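This is structure_12.cif. It holds mmCIF, C-alpha atoms.
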```cif
data_target
loop_
_atom_site.label_atom_id
_atom_site.label_comp_id
_atom_site.auth_asym_id
_atom_site.auth_seq_id
_atom_site.Cartn_x
_atom_site.Cartn_y
_atom_site.Cartn_z
CA MET A 1 -32.83 35.80 -13.83
CA LYS A 2 -33.98 32.64 -15.57
CA PRO A 3 -37.56 33.09 -16.62
CA LYS A 4 -37.33 30.26 -19.15
CA LEU A 5 -37.69 27.54 -16.57
CA SER A 6 -41.16 26.09 -16.83
CA ASN A 7 -41.42 24.72 -13.32
CA PRO A 8 -39.72 26.83 -10.70
CA SER A 9 -40.44 24.44 -7.85
CA GLN A 10 -38.60 21.69 -9.72
CA LYS A 11 -35.53 23.83 -10.06
CA LYS A 12 -35.64 24.63 -6.39
CA SER A 13 -35.65 20.99 -5.41
CA ILE A 14 -32.75 20.18 -7.71
CA THR A 15 -30.54 22.91 -6.35
CA PHE A 16 -31.45 21.86 -2.86
CA GLU A 17 -30.39 18.29 -3.53
CA LEU A 18 -27.15 19.43 -5.04
CA THR A 19 -26.15 21.88 -2.38
CA LYS A 20 -27.14 19.77 0.58
CA PRO A 21 -24.37 17.15 0.45
CA MET A 22 -21.81 19.70 -0.68
CA THR A 23 -22.15 21.92 2.32
CA LYS A 24 -22.11 18.89 4.57
CA GLN A 25 -18.67 17.56 3.74
CA ILE A 26 -15.99 19.24 5.79
CA LEU A 27 -12.77 17.62 6.92
CA ASN A 28 -12.22 17.14 10.62
CA PRO A 29 -8.71 15.73 10.98
CA ASP A 30 -9.06 15.65 14.77
CA THR A 31 -11.71 12.95 14.56
CA TRP A 32 -10.04 10.86 11.88
CA VAL A 33 -8.25 8.45 14.17
CA ASP A 34 -11.33 7.78 16.28
CA ARG A 35 -13.74 7.45 13.41
CA TYR A 36 -11.86 5.86 10.55
CA SER A 37 -8.65 4.22 11.75
CA ASP A 38 -10.28 0.83 12.37
CA TYR A 39 -12.08 0.86 9.05
CA LEU A 40 -8.96 1.87 7.14
CA PHE A 41 -6.80 -0.57 9.08
CA ASN A 42 -9.14 -3.42 8.31
CA TYR A 43 -9.17 -2.45 4.65
CA ALA A 44 -5.38 -2.34 4.54
CA VAL A 45 -4.76 -5.50 6.54
CA THR A 46 -6.91 -7.64 4.24
CA ARG A 47 -4.83 -6.41 1.32
CA VAL A 48 -1.26 -6.50 2.58
CA ASN A 49 -1.58 -9.36 5.11
CA ASP A 50 0.67 -7.68 7.64
CA ALA A 51 -0.51 -5.68 10.63
CA GLU A 52 2.66 -3.58 10.88
CA ILE A 53 2.63 -2.56 7.22
CA ALA A 54 -1.11 -1.91 7.39
CA LYS A 55 -0.61 0.36 10.38
CA ASP A 56 2.06 2.34 8.57
CA LEU A 57 -0.14 2.63 5.50
CA VAL A 58 -3.01 4.00 7.58
CA GLN A 59 -0.71 6.52 9.18
CA GLU A 60 0.67 7.59 5.81
CA THR A 61 -2.89 7.94 4.59
CA PHE A 62 -3.69 10.35 7.40
CA PHE A 63 -0.54 12.36 6.66
CA ALA A 64 -1.34 12.53 2.98
CA GLY A 65 -4.87 13.54 3.90
CA LEU A 66 -3.60 16.41 6.02
CA LYS A 67 -1.21 17.48 3.32
CA SER A 68 -3.81 17.62 0.59
CA ALA A 69 -6.69 18.74 2.77
CA LYS A 70 -6.89 21.98 0.87
CA ASN A 71 -7.49 20.05 -2.33
CA PHE A 72 -10.52 18.35 -0.81
CA LYS A 73 -13.44 19.63 -2.83
CA GLY A 74 -16.10 18.35 -0.49
CA ASP A 75 -18.10 16.39 -3.03
CA ALA A 76 -17.22 13.02 -1.48
CA ALA A 77 -17.66 11.81 2.06
CA GLU A 78 -14.61 12.12 4.25
CA ARG A 79 -14.26 8.36 4.57
CA THR A 80 -14.54 7.70 0.84
CA TRP A 81 -11.86 10.27 0.26
CA LEU A 82 -9.53 8.70 2.82
CA ILE A 83 -10.13 5.23 1.40
CA SER A 84 -9.20 6.44 -2.07
CA ILE A 85 -5.91 7.73 -0.66
CA LEU A 86 -5.32 4.44 1.12
CA LYS A 87 -5.96 2.57 -2.13
CA ARG A 88 -3.14 4.49 -3.77
CA LYS A 89 -0.91 3.76 -0.79
CA VAL A 90 -1.57 0.02 -1.05
CA ILE A 91 -0.75 0.06 -4.76
CA ASP A 92 2.44 2.05 -4.07
CA HIS A 93 3.39 -0.48 -1.43
CA TYR A 94 3.10 -3.37 -3.88
CA ARG A 95 5.02 -1.43 -6.49
CA LYS A 96 7.80 -0.90 -4.02
CA ILE A 97 8.16 -4.54 -3.02
CA ASN A 98 7.88 -5.61 -6.63
CA SER A 99 10.71 -3.38 -7.71
CA GLN A 100 12.77 -4.76 -4.84
CA LYS A 101 12.01 -8.25 -6.11
CA ALA A 102 13.01 -7.29 -9.61
CA LYS A 103 16.42 -6.18 -8.41
CA SER A 104 17.17 -9.59 -7.00
CA MET A 105 15.64 -11.31 -10.05
CA VAL A 106 12.94 -13.10 -8.10
CA ARG A 107 9.76 -12.54 -9.97
CA ILE A 108 7.75 -15.67 -9.45
CA THR A 109 6.07 -14.71 -6.18
CA PRO A 110 4.83 -11.14 -6.06
CA ASN A 111 3.34 -11.75 -2.62
CA ARG A 112 5.70 -11.57 0.28
CA ASP A 113 3.57 -13.77 2.44
CA THR A 114 3.79 -17.02 0.55
CA GLU A 115 2.46 -19.14 3.38
CA ASN A 116 -1.00 -17.65 3.31
CA GLU A 117 -1.26 -16.68 -0.30
CA GLY A 118 0.02 -19.68 -2.21
CA ASN A 119 1.87 -19.48 -5.47
CA PHE A 120 0.88 -16.92 -8.04
CA ILE A 121 0.45 -19.48 -10.78
CA GLU A 122 -1.61 -21.76 -8.59
CA GLN A 123 -3.92 -18.88 -7.78
CA GLN A 124 -4.69 -18.39 -11.45
CA VAL A 125 -6.14 -21.86 -11.81
CA ALA A 126 -9.77 -22.13 -10.90
CA ASP A 127 -10.63 -25.07 -8.75
CA PRO A 128 -14.35 -25.68 -9.25
CA ASP A 129 -14.69 -27.68 -6.04
CA SER A 130 -12.93 -25.20 -3.82
CA LEU A 131 -15.00 -22.73 -1.85
CA LEU A 132 -11.91 -21.21 -0.30
CA GLU A 133 -11.51 -18.27 -2.70
CA ASN A 134 -15.14 -17.38 -2.47
CA SER A 135 -15.20 -17.46 1.27
CA GLU A 136 -12.14 -15.24 1.43
CA ILE A 137 -13.80 -12.61 -0.73
CA GLU A 138 -16.99 -13.02 1.23
CA ASN A 139 -15.14 -12.48 4.49
CA LYS A 140 -13.60 -9.28 3.17
CA GLU A 141 -17.02 -8.02 2.20
CA LEU A 142 -18.43 -9.10 5.51
CA GLY A 143 -15.71 -7.23 7.35
CA ASN A 144 -16.45 -4.09 5.35
CA ALA A 145 -20.17 -4.47 5.95
CA ILE A 146 -19.67 -4.81 9.70
CA HIS A 147 -17.37 -1.80 9.80
CA GLU A 148 -19.83 0.25 7.84
CA CYS A 149 -22.55 -0.64 10.32
CA ILE A 150 -20.27 0.13 13.26
CA ASN A 151 -19.61 3.55 11.75
CA LYS A 152 -23.33 4.24 11.81
CA LEU A 153 -23.54 3.64 15.56
CA PRO A 154 -23.38 6.45 18.11
CA LYS A 155 -19.79 7.11 19.09
CA LYS A 156 -19.94 5.61 22.56
CA GLN A 157 -21.67 2.43 21.42
CA ALA A 158 -19.24 2.00 18.56
CA LEU A 159 -16.27 2.42 20.87
CA ALA A 160 -17.63 0.00 23.48
CA PHE A 161 -18.45 -2.61 20.86
CA THR A 162 -15.07 -2.35 19.13
CA LEU A 163 -13.12 -2.52 22.36
CA LYS A 164 -15.05 -5.51 23.63
CA THR A 165 -15.59 -7.53 20.48
CA ILE A 166 -12.74 -6.73 18.15
CA ASN A 167 -9.96 -5.78 20.53
CA GLY A 168 -11.19 -8.44 22.93
CA LEU A 169 -10.63 -6.45 26.12
CA SER A 170 -12.10 -7.61 29.40
CA THR A 171 -15.15 -5.90 30.88
CA GLU A 172 -13.07 -4.22 33.57
CA GLU A 173 -10.65 -2.70 31.08
CA VAL A 174 -13.42 -1.36 28.86
CA CYS A 175 -15.20 0.11 31.88
CA LYS A 176 -12.02 1.85 32.94
CA GLU A 177 -11.43 3.17 29.44
CA LEU A 178 -14.94 4.58 29.09
CA ASN A 179 -15.38 5.48 32.74
CA ILE A 180 -18.68 3.65 33.25
CA ASN A 181 -19.87 0.77 35.43
CA PRO A 182 -20.33 -2.79 34.11
CA SER A 183 -24.12 -2.83 33.98
CA ASN A 184 -23.99 0.38 31.97
CA LEU A 185 -21.50 -1.19 29.62
CA TRP A 186 -23.71 -4.21 29.04
CA VAL A 187 -26.66 -2.00 28.17
CA ILE A 188 -24.52 -0.02 25.73
CA ILE A 189 -23.14 -3.16 24.09
CA HIS A 190 -26.57 -4.71 23.96
CA ARG A 191 -27.95 -1.66 22.15
CA ALA A 192 -25.03 -1.67 19.76
CA ARG A 193 -25.58 -5.34 18.97
CA THR A 194 -29.28 -4.83 18.39
CA VAL A 195 -28.58 -2.03 15.90
CA LEU A 196 -25.88 -4.10 14.20
CA MET A 197 -28.25 -7.04 13.81
CA ASP A 198 -30.77 -4.81 12.09
CA CYS A 199 -28.10 -3.17 9.97
CA LEU A 200 -26.66 -6.45 8.75
CA ASN A 201 -30.06 -8.05 8.62
CA THR A 202 -30.92 -7.80 4.95
CA ASN A 203 -27.73 -9.20 3.48
CA TRP A 204 -26.04 -11.38 6.01
CA PHE A 205 -28.67 -12.83 8.31
CA LYS A 206 -30.06 -15.83 6.57
CA ILE A 207 -30.86 -18.16 9.41
CA MET B 1 -41.84 -6.65 29.17
CA ARG B 2 -39.23 -6.39 31.86
CA ASN B 3 -38.32 -10.07 31.73
CA CYS B 4 -37.54 -10.03 28.04
CA LYS B 5 -35.23 -7.05 28.38
CA LYS B 6 -33.39 -8.83 31.13
CA ALA B 7 -33.16 -12.00 29.07
CA GLU B 8 -31.75 -10.08 26.10
CA LEU B 9 -29.10 -8.52 28.29
CA ILE B 10 -28.09 -11.91 29.66
CA CYS B 11 -27.97 -13.22 26.10
CA THR B 12 -25.51 -10.49 25.17
CA LYS B 13 -23.39 -11.39 28.18
CA ILE B 14 -23.40 -15.02 27.09
CA GLN B 15 -21.95 -13.96 23.72
CA TYR B 16 -18.86 -12.83 25.60
CA LYS B 17 -18.96 -15.81 27.98
CA GLU B 18 -19.50 -13.56 30.95
CA ALA B 19 -22.88 -14.62 32.31
CA THR B 20 -23.13 -16.10 35.79
CA ILE B 21 -24.61 -19.54 36.42
CA LEU B 22 -27.70 -18.02 37.99
CA GLU B 23 -28.23 -15.87 34.90
CA LYS B 24 -27.83 -18.88 32.63
CA ILE B 25 -30.52 -20.75 34.58
CA GLN B 26 -32.82 -17.73 34.44
CA ILE B 27 -32.48 -17.40 30.69
CA ARG B 28 -33.08 -21.13 30.15
CA ILE B 29 -36.38 -20.91 31.97
CA HIS B 30 -37.35 -17.75 30.11
CA LEU B 31 -36.50 -19.24 26.74
CA ILE B 32 -38.86 -22.15 27.27
CA LEU B 33 -41.71 -19.69 27.56
CA CYS B 34 -40.73 -16.92 25.15
CA ARG B 35 -40.49 -17.42 21.42
CA THR B 36 -39.38 -13.86 20.65
CA CYS B 37 -36.36 -14.25 22.87
CA ARG B 38 -35.48 -17.57 21.29
CA ILE B 39 -35.29 -15.80 17.92
CA PHE B 40 -33.26 -13.00 19.49
CA VAL B 41 -30.77 -15.50 20.92
CA LYS B 42 -30.40 -17.08 17.50
CA LYS B 43 -29.75 -13.73 15.84
CA ASN B 44 -27.35 -12.65 18.55
CA SER B 45 -25.23 -15.77 18.24
CA LYS B 46 -25.30 -15.39 14.48
CA LEU B 47 -23.84 -11.91 14.90
CA THR B 48 -21.08 -13.33 17.07
CA SER B 49 -20.21 -15.98 14.51
CA LEU B 50 -20.29 -13.38 11.71
CA CYS B 51 -17.85 -11.21 13.66
CA ASP B 52 -15.58 -14.20 14.20
CA GLN B 53 -15.83 -15.20 10.58
CA ALA B 54 -14.96 -11.74 9.31
CA ASN B 55 -11.80 -11.91 11.41
CA LEU B 56 -12.10 -8.23 12.21
CA LYS B 57 -9.00 -6.39 13.16
CA ALA B 58 -8.66 -3.13 14.97
CA LEU B 59 -5.78 -1.00 16.03
CA PRO B 60 -4.93 -1.20 19.73
CA ALA B 61 -5.80 1.90 21.75
CA GLU B 62 -2.19 2.89 22.41
CA GLU B 63 -1.41 2.86 18.68
CA LYS B 64 -4.33 5.18 18.10
CA GLU B 65 -3.10 7.55 20.78
CA LYS B 66 0.33 7.58 19.15
CA MET B 67 -1.22 8.36 15.78
CA LYS B 68 -3.32 11.15 17.25
CA LYS B 69 -0.24 12.70 18.80
CA ILE B 70 1.75 12.60 15.58
CA LEU B 71 -1.19 13.92 13.59
CA SER B 72 -1.80 16.85 15.91
CA GLU B 73 1.88 17.74 15.76
CA ARG B 74 1.77 17.83 12.00
CA GLN B 75 -1.34 19.92 11.76
#
```

Encoding of this model in structure tokens:
Amino acid sequence: MKPKLSNPSQKKSITFELTKPMTKQILNPDTWVDRYSDYLFNYAVTRVNDAEIAKDLVQETFFAGLKSAKNFKGDAAERTWLISILKRKVIDHYRKINSQKAKSMVRITPNRDTENEGNFIEQQVADPDSLLENSEIENKELGNAIHECINKLPKKQALAFTLKTINGLSTEEVCKELNINPSNLWVIIHRARTVLMDCLNTNWFKI
Amino acid sequence: MRNCKKAELICTKIQYKEATILEKIQIRIHLILCRTCRIFVKKNSKLTSLCDQANLKALPAEEKEKMKKILSERQ
């Protein structure tokens, strides 16, 4: 009993807001691969620059997620929680290769992929005329934005769009995979694209 | 309008370079007359270039299947 509260309706609304997201967040490990693997993979691959390593990191993330599923309190969204695990995994990965480097006394290039990354010292110097750094960051953000929008799509549309656009499969292959006919596929992709255009509209569409 | 829906569908096909010649001619004629669809075409190609620019990567389907298998074994 709390008779001190002046406005009972206010209290009601607050508790409603608090409890609503909490009850919503439950882990469904069965759906993880379908729903988040692309998003996590994209996140990892932009940070480690190697598809194989990124794949392993994503897999480790799922394992770690399963392992500590009982510690999941349910106050964050599933995806946010998985991303935070992946972040740790990426940091661990860099720690590991750095300690390997230290053993062989090579400390000047912390990045393994020197071709794409350039020298560490060179990266520190700001080149006022260069738009390269900016565009790289922008592309990362753009990738995240697109993935976020794809995650909002209905499952079938998201799958069709990813297979066709990102994996670059032919129409026949996608139709086989989803068990639909081509004209159906085009309608699904068209709907997905329309939603994506609206979703990205505010930030990225400046024609 | 039925024509606009058809034009939008063709436009989506063009984004993947899979429209037939007949469809391309049809959409050309429609675009002369329809301003809304001209804007749609612009937006649609912008989406394609954004997707290219972001250099999106996804795991191949067989890798996902493998992961699913391993995950379900561990559960």

- request: Provide as a PyMOL selection string the residues of chain A at most 8 Å from chain B, counting all atoms listed in the file.
  value: chain A and resi 30+33-34+37-39+41-42+45+55+59+62-63+66+139-140+142-143+146+162+166-167+186-187+189-190+193+197+205+207

Keeping only C-alpha atoms, take the residues you just selected and write them out as a compact mmCIF listing (two decimals), in the coordinates of the input.
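Ended up saving to out19.txt:
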```txt
# COMPACT_ATOMS: atom_id res chain seq x y z
CA ASP A 30 -9.06 15.65 14.77
CA VAL A 33 -8.25 8.45 14.17
CA ASP A 34 -11.33 7.78 16.28
CA SER A 37 -8.65 4.22 11.75
CA ASP A 38 -10.28 0.83 12.37
CA TYR A 39 -12.08 0.86 9.05
CA PHE A 41 -6.80 -0.57 9.08
CA ASN A 42 -9.14 -3.42 8.31
CA VAL A 45 -4.76 -5.50 6.54
CA LYS A 55 -0.61 0.36 10.38
CA GLN A 59 -0.71 6.52 9.18
CA PHE A 62 -3.69 10.35 7.40
CA PHE A 63 -0.54 12.36 6.66
CA LEU A 66 -3.60 16.41 6.02
CA ASN A 139 -15.14 -12.48 4.49
CA LYS A 140 -13.60 -9.28 3.17
CA LEU A 142 -18.43 -9.10 5.51
CA GLY A 143 -15.71 -7.23 7.35
CA ILE A 146 -19.67 -4.81 9.70
CA THR A 162 -15.07 -2.35 19.13
CA ILE A 166 -12.74 -6.73 18.15
CA ASN A 167 -9.96 -5.78 20.53
CA TRP A 186 -23.71 -4.21 29.04
CA VAL A 187 -26.66 -2.00 28.17
CA ILE A 189 -23.14 -3.16 24.09
CA HIS A 190 -26.57 -4.71 23.96
CA ARG A 193 -25.58 -5.34 18.97
CA MET A 197 -28.25 -7.04 13.81
CA PHE A 205 -28.67 -12.83 8.31
CA ILE A 207 -30.86 -18.16 9.41
```

message: Residue by residue, what does the PyMOL selection byres ((chain A and resi 154-158) around 8) grab here? Present the result as a ChimeraX atom specification.
response: /A:150-153,159-162,188-189,191-192

- prompt: Hey, can you check how far CA of Asn71 in chain A sits from CA of Asp92 in chain A?
  reply: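 So the answer is 20.6 Å.
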
- prompt: Just how far from CA of Thr165 in chain A is CA of Thr31 in chain A, in Å to one decimal?
  reply: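 Straight-line distance from CA of Thr31 in chain A to CA of Thr165 in chain A works out to 21.7 Å.
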
query: CA of His147 in chain A and CA of Asn28 in chain A, how far apart in Å?
result: 19.6 Å

- request: Name the residues in contact with Thr36 in chain B at a cut-off of 9 Å, using all atoms listed in the file, excluding same-chain residues fewer than 5 positions from it; report them as number ranges by chain.
  value: B: 4, 31, 41

- prompt: Which residues come within 8 Å of Leu40 in chain A, counting only C-alpha atoms, excluding same-chain residues fewer than 5 positions away, as a count of residues only?
  reply: 3

- request: Would you kindly translate the PyMOL selection byres ((chain A and resi 78) around 10) into the concrete residues it picks from this file, as a PyMOL selection string?
  value: chain A and resi 25-29+32+36+65+72+74-77+79-83

Work out where the centre of an axis-aligned box around every listed atom of range 42-52 of chain B lies and how long its edges are once 8 Å is added on each side; give both in Å to one decimal as AutoDock Vina command-line options.
```
--center_x -23.0 --center_y -14.1 --center_z 15.1 --size_x 30.8 --size_y 21.9 --size_z 22.8
```

Expected file content for range 57-68 of chain B, all heavy atoms, as a tab-separated table (two decimals), in the first residue's frame:
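That gives us selection32.tsv:
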```
chain	number	residue	atom	x	y	z
B	57	LYS	N	28.45	-7.03	-46.53
B	57	LYS	CA	28.88	-8.42	-46.60
B	57	LYS	C	27.90	-9.28	-45.82
B	57	LYS	O	27.35	-8.85	-44.83
B	57	LYS	CB	30.27	-8.55	-45.99
B	57	LYS	CG	31.29	-7.69	-46.68
B	57	LYS	CD	32.57	-8.42	-46.88
B	57	LYS	CE	33.52	-7.66	-47.78
B	57	LYS	NZ	33.82	-6.31	-47.30
B	58	ALA	N	27.69	-10.46	-46.32
B	58	ALA	CA	26.82	-11.38	-45.61
B	58	ALA	C	27.45	-12.76	-45.65
B	58	ALA	O	28.25	-13.06	-46.52
B	58	ALA	CB	25.45	-11.42	-46.25
B	59	LEU	N	27.07	-13.55	-44.69
B	59	LEU	CA	27.58	-14.91	-44.66
B	59	LEU	C	26.86	-15.74	-45.71
B	59	LEU	O	25.66	-15.62	-45.88
B	59	LEU	CB	27.35	-15.51	-43.29
B	59	LEU	CG	28.29	-15.07	-42.19
B	59	LEU	CD1	27.73	-15.50	-40.85
B	59	LEU	CD2	29.66	-15.67	-42.38
B	60	PRO	N	27.58	-16.60	-46.44
B	60	PRO	CA	26.90	-17.48	-47.38
B	60	PRO	C	25.97	-18.44	-46.66
B	60	PRO	O	26.19	-18.74	-45.48
B	60	PRO	CB	28.06	-18.25	-48.03
B	60	PRO	CG	29.30	-17.53	-47.66
B	60	PRO	CD	29.03	-16.76	-46.43
B	61	ALA	N	24.96	-18.91	-47.38
B	61	ALA	CA	23.91	-19.73	-46.76
B	61	ALA	C	24.47	-20.99	-46.11
B	61	ALA	O	24.04	-21.37	-45.02
B	61	ALA	CB	22.84	-20.07	-47.79
B	62	GLU	N	25.46	-21.61	-46.79
B	62	GLU	CA	25.95	-22.88	-46.24
B	62	GLU	C	26.68	-22.68	-44.92
B	62	GLU	O	26.61	-23.52	-44.01
B	62	GLU	CB	26.84	-23.63	-47.25
B	62	GLU	CG	28.07	-22.90	-47.69
B	62	GLU	CD	27.89	-22.35	-49.10
B	62	GLU	OE1	26.78	-21.88	-49.43
B	62	GLU	OE2	28.83	-22.43	-49.88
B	63	GLU	N	27.35	-21.51	-44.79
B	63	GLU	CA	28.02	-21.20	-43.52
B	63	GLU	C	27.01	-21.07	-42.40
B	63	GLU	O	27.23	-21.51	-41.28
B	63	GLU	CB	28.82	-19.90	-43.65
B	63	GLU	CG	30.00	-19.96	-44.60
B	63	GLU	CD	31.15	-20.78	-44.03
B	63	GLU	OE1	31.08	-21.19	-42.86
B	63	GLU	OE2	32.10	-21.03	-44.79
B	64	LYS	N	25.88	-20.43	-42.76
B	64	LYS	CA	24.83	-20.26	-41.74
B	64	LYS	C	24.30	-21.60	-41.29
B	64	LYS	O	24.06	-21.82	-40.10
B	64	LYS	CB	23.70	-19.42	-42.32
B	64	LYS	CG	24.01	-17.95	-42.37
B	64	LYS	CD	22.78	-17.18	-42.71
B	64	LYS	CE	23.13	-15.76	-43.05
B	64	LYS	NZ	22.00	-15.05	-43.62
B	65	GLU	N	24.09	-22.49	-42.27
B	65	GLU	CA	23.57	-23.82	-41.93
B	65	GLU	C	24.53	-24.53	-40.98
B	65	GLU	O	24.12	-25.14	-40.00
B	65	GLU	CB	23.38	-24.65	-43.20
B	65	GLU	CG	22.18	-24.24	-44.04
B	65	GLU	CD	20.88	-24.23	-43.23
B	65	GLU	OE1	20.64	-25.23	-42.52
B	65	GLU	OE2	20.14	-23.24	-43.30
B	66	LYS	N	25.83	-24.41	-41.30
B	66	LYS	CA	26.85	-25.03	-40.45
B	66	LYS	C	26.74	-24.50	-39.03
B	66	LYS	O	26.74	-25.26	-38.06
B	66	LYS	CB	28.24	-24.70	-41.01
B	66	LYS	CG	28.94	-25.88	-41.67
B	66	LYS	CD	30.40	-25.53	-41.88
B	66	LYS	CE	30.83	-25.74	-43.31
B	66	LYS	NZ	32.11	-25.06	-43.62
B	67	MET	N	26.66	-23.16	-38.94
B	67	MET	CA	26.58	-22.52	-37.62
B	67	MET	C	25.37	-23.00	-36.86
B	67	MET	O	25.44	-23.30	-35.67
B	67	MET	CB	26.50	-21.01	-37.81
B	67	MET	CG	27.77	-20.29	-37.53
B	67	MET	SD	27.46	-18.54	-37.48
B	67	MET	CE	29.00	-17.95	-38.12
B	68	LYS	N	24.24	-23.08	-37.56
B	68	LYS	CA	23.00	-23.52	-36.92
B	68	LYS	C	23.18	-24.91	-36.33
B	68	LYS	O	22.74	-25.18	-35.23
B	68	LYS	CB	21.87	-23.56	-37.96
B	68	LYS	CG	21.07	-22.29	-38.04
B	68	LYS	CD	19.87	-22.54	-38.92
B	68	LYS	CE	19.35	-21.25	-39.50
B	68	LYS	NZ	18.38	-21.50	-40.56
```
